[in-house]
Structures are given as C-alpha cells and as structure tokens.
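**Q** Mind looking over this structure? Questions follow.
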Amino acid sequence: MTQQTRRQPAHPAGPRAAAALRRPGRRAGRAGRPGCERGSVSLELAALAPAVLLLVLLTVAAMRITLAGAQVDGAARDAARAASLARTAGLATTAAQQSAARTLAGQQLTCSQLTVTIDPAGFAVPVGTTGTVAVHVTCRVALGDVAVPGAPGTTTMTAGYAAPLDPYRAR
C-alpha cells in the first residue's frame with residue numbers, strides 16, 4: 001500500500017510565507033507583508049538618538065555650571081578666611097581679592113570679570129566683642145568655558161561667606 005502525501009499549494013511569496021500563514025502567531029518575515037517589523041528597531045533608534053544625545057549634553061552642561069558655582073562658593077569661603085586673618089580692613093580687602101583669584105585659578109575657572117567685596121564692619125567692634133567679616137565674590141564666566149565648548153554667552157556666579165574675627169586680638 002502506498003501512502004500519498006498531501007502537498008500544500010505553493011504560496012506566491014515563497015515557502016516561508018506559506019509556513020507562517022499555516023502557523024498562527026507567526027509573521028511572514030518579508031517586507032511589505034502585514035505584521036512584518038523587520039528593521040523597525042533601527043528606525044526607532046535613529047529617530048531617538050539625537051534627542052537622547054541632546055539630553056546627555058544638556059545634563060553635562062548643567063553639571064558643569066553647578067560645579068563652577070561650587071568653585072565660586074569655595075573662593076568666597078577662602079577669601080573670607082583670608083580676610084579674617086588680616087589685622088585691618090584694608091589688608092583684609094587685599095587678602096580677600098588675592099585669595100579668591102588664587103582659588104579660582106587653582107580650580108581652572110577663568111572669570112572675565114571678578115569682583116570681591118568685603119563688609120569690614122567687624123573690624124570696628126571693640127576688643128572682646130566677636131565681629132565678622134563678610135565677603136561676596138562675583139565671577140562672570142563664559143558659557144564656552146563652563147558648559148559646552150564654543151557655547152555663546154556668559155553667566156554670572158555669585159557667592160558670599162562670613163568668617164568670625166578673633167575677639168581678643170589687636171585691631
């Protein structure tokens with residue numbers, strides 16, 4: 001007895017397409033056929049890559065600007081400490097300016113305009129009374145130096161700090 005096999009008719013798109021049609025849940029795997037998604041991940045990646053890259057660059061720029069602000073804060077702290085060690089208000093101003101410039105240069109932050117102001121009211125208090133010297137540092141920085149190289153514009157960073165004066169030292 002011979003057994004006859006029943007053959008499926010040939011599908012115009014080929015044997016893979018015919019097999020996919022026989023099995024539910026399978027895709028044809030050919031472009032232009034319903035359910036085919038070959039290459040869609042590449043297309044989605046190509047569409048999303050510029051947006052993701054822009055987001056990463058903006059995050060890096062924000063972190064660098066925040067870091068520059070922290071460096072100006074450190075310069076204000078160092079300037080206030082240097083001013084508090086000075087004997088007179090005039091020497092305190094000079095010491096604060098030099099300390100702020102030195103700290104910012106050490107952090108490789110270039111200010112196009114650096115302003116250091118002090119409030120020397122603490123030097124006028126009588127001996128035995130605690131006084132403070134307040135320092136404010138303002139630094140105008142080019143965004144190309146801080147955020148993204150070549151970026152236009154500037155930003156102004158401002159920080160203040162106060163340090164106590166020794167109540168029993170000669171003024």
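To be explicit about the labels: the chains of the structure tokens are called A, B, and onward in the order shown, and within each one the residues are counted from 1, while ligands get numbers from 1 in the order they are shown.
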Near range 144-156 of chain A, within 8 Å and counting only C-alpha atoms, which residues show up once chain neighbours fewer than 4 positions away are dropped, as a list in words?
**A**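 In the requested form, the answer reads Leu57, Val60, Ala61, Ala62, Arg64, Ile65, Ala68, Leu109, Thr110, Thr138, Cys139 and Arg140 of chain A.
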**Q** Those same residues, written as a PDB file, in the first residue's frame with N, CA and C atoms?
**A**
```pdb
ATOM      1  N   LEU A  57      23.948  65.944  26.626  1.00  0.00           N
ATOM      2  CA  LEU A  57      24.755  67.171  26.557  1.00  0.00           C
ATOM      3  C   LEU A  57      24.212  68.254  27.491  1.00  0.00           C
ATOM      4  N   VAL A  60      25.210  67.316  31.044  1.00  0.00           N
ATOM      5  CA  VAL A  60      26.627  67.607  31.290  1.00  0.00           C
ATOM      6  C   VAL A  60      26.834  69.106  31.469  1.00  0.00           C
ATOM      7  N   ALA A  61      26.175  69.916  30.647  1.00  0.00           N
ATOM      8  CA  ALA A  61      26.303  71.371  30.767  1.00  0.00           C
ATOM      9  C   ALA A  61      25.778  71.850  32.113  1.00  0.00           C
ATOM     10  N   ALA A  62      24.648  71.324  32.558  1.00  0.00           N
ATOM     11  CA  ALA A  62      24.096  71.712  33.853  1.00  0.00           C
ATOM     12  C   ALA A  62      25.026  71.306  34.990  1.00  0.00           C
ATOM     13  N   ARG A  64      28.302  70.978  34.808  1.00  0.00           N
ATOM     14  CA  ARG A  64      29.493  71.829  34.771  1.00  0.00           C
ATOM     15  C   ARG A  64      29.197  73.227  35.304  1.00  0.00           C
ATOM     16  N   ILE A  65      28.006  73.753  35.033  1.00  0.00           N
ATOM     17  CA  ILE A  65      27.634  75.062  35.574  1.00  0.00           C
ATOM     18  C   ILE A  65      27.492  74.976  37.087  1.00  0.00           C
ATOM     19  N   ALA A  68      30.924  74.942  38.584  1.00  0.00           N
ATOM     20  CA  ALA A  68      31.512  76.282  38.585  1.00  0.00           C
ATOM     21  C   ALA A  68      30.950  77.111  39.728  1.00  0.00           C
ATOM     22  N   LEU A 109      39.136  77.982  36.693  1.00  0.00           N
ATOM     23  CA  LEU A 109      37.935  78.713  36.320  1.00  0.00           C
ATOM     24  C   LEU A 109      38.357  80.130  35.977  1.00  0.00           C
ATOM     25  N   THR A 110      38.160  80.527  34.737  1.00  0.00           N
ATOM     26  CA  THR A 110      38.582  81.838  34.268  1.00  0.00           C
ATOM     27  C   THR A 110      37.399  82.800  34.314  1.00  0.00           C
ATOM     28  N   THR A 138      31.814  87.728  42.997  1.00  0.00           N
ATOM     29  CA  THR A 138      31.028  87.669  41.773  1.00  0.00           C
ATOM     30  C   THR A 138      31.971  87.379  40.623  1.00  0.00           C
ATOM     31  N   CYS A 139      31.640  86.361  39.856  1.00  0.00           N
ATOM     32  CA  CYS A 139      32.501  85.927  38.755  1.00  0.00           C
ATOM     33  C   CYS A 139      31.651  85.782  37.500  1.00  0.00           C
ATOM     34  N   ARG A 140      32.015  86.519  36.450  1.00  0.00           N
ATOM     35  CA  ARG A 140      31.326  86.384  35.156  1.00  0.00           C
ATOM     36  C   ARG A 140      32.146  85.412  34.312  1.00  0.00           C
TER      37      ARG A 140
END
```
**Q** Skipping near chain neighbours, those fewer than 2 positions away, what residues fall within 6 Å of range 72-86 of chain A using only C-alpha atoms, listed as a PyMOL selection string?
**A** chain A and resi 69-70+88+91-92+95-96+99-100+103+135+137+159-163+165
**Q** Which distance in Å separates CA of Gly90 in chain A and CA of Gln107 in chain A, to one decimal?
**A**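 Distance between the two atoms: 26.3 Å.
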**Q** Between CA of Ala124 in chain A and CA of Gln97 in chain A, measure the distance and give it in Å to one decimal.
**A** 20.4 Å
**Q** Give me the residues near Gly128 in chain A as a list of chain:residue names, where near means some atom within 9 Å (using only C-alpha atoms) and where sequence neighbours in that chain fewer than 4 positions away do not count.
**A** A:Asp166, A:Pro167, A:Tyr168, A:Arg169
**Q** With C-alpha atoms kept, could you save the residues just selected as a PDB file, in the first residue's frame?
**A**
```
ATOM      1  CA  ASP A 166      39.163  86.806  66.890  1.00  0.00           C
ATOM      2  CA  PRO A 167      37.602  88.892  69.670  1.00  0.00           C
ATOM      3  CA  TYR A 168      40.886  89.287  71.628  1.00  0.00           C
ATOM      4  CA  ARG A 169      43.370  90.271  69.002  1.00  0.00           C
TER       5      ARG A 169
END
```
**Q** Tell me, in Å to one decimal, how far CA of Thr132 in chain A is from CA of Asp119 in chain A.
**A** 8.5 Å
**Q** From range 62-131 of chain A, collect each residue whose DSSP state is alpha helix (DSSP H) and return the set as a PyMOL selection string.
**A** chain A and resi 62-85+89-106
